[in-house]
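Read through the structure below, which is laid out as structure tokens, and then see the notes.
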Amino acid sequence: MLKMVLILRFIEADTKDMTETISNISSSSSNKRRNRTEIVIQILEAVIDHRENDDGVTKTTLMYEVFLNSNQLKEYLAGLTAYSLLYYDPAMRTYNSTKKGLQFLELWYNLSQITDELPWPPQQLRRWR
């Protein structure tokens, strides 16, 4: 669990308030910018979508599917491979998801499902603002 918290802190390093992050995710619309967590989830989803052929996915394919430039994608891929959420195959020059990456995505889906069911912000937080 501690590792999951550290991973989330890495992903949300530029977000000051977790409540703001959750509300942005649950009410994201097309005119809002994506936060780091949303981009990470999109990268993991894109890699998993390409698992059918077991060859993995190239950086170029990820760039077009996730709408990031090369430098941005390089930063995210370095972090995701450092935390073992993705595996890079140097012989094929492709990225594949790891078991840990699949678990992270599953936990994310469960968390987002729970937060979608809850009213936001809770009554207790409204009092403290």
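Chains: A, B, ... in order of the structure tokens. Residues: from 1 per chain. Ligands: from 1, in order shown.
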Could you list, as a ChimeraX atom specification, every residue within 7 Å of region 43-48 of chain A, counting only C-alpha atoms and ignoring same-chain residues fewer than 4 positions away? /A:39,56-57,62,65-66,96-97
Which distance in Å separates CA of Glu75 (chain A) and CA of Asp116 (chain A), to one decimal?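 Taking CA of Glu75 (chain A) as the start and CA of Asp116 (chain A) as the end point, the length is 29.4 Å.
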Shortest contact to Thr58 (chain A), candidates A:Tyr109, A:Tyr76, A:Phe104, A:Tyr88, atoms counted only C-alpha atoms, goes to A:Tyr88
Quick one: pull the distance between CA of Asp89 (chain A) and CA of Met63 (chain A), Å, one decimal. 17.4 Å
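Atom to atom, CA of Thr37 (chain A) and CA of Ser112 (chain A) stand 11.6 Å apart.
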Name the closest residue to Lys99 (chain A) among the candidates A:Val40, A:Leu111, A:Leu86, A:Leu77; distances are taken between atoms, counting only C-alpha atoms.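 So, comparing all the options, the nearest one is A:Leu86.
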Which of these, A:Leu73, A:Tyr87, A:Gln103, A:Met92, has the shortest distance to Thr60 (chain A) once you count only C-alpha atoms?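 For Thr60 (chain A), the nearest of the candidates is A:Leu73.
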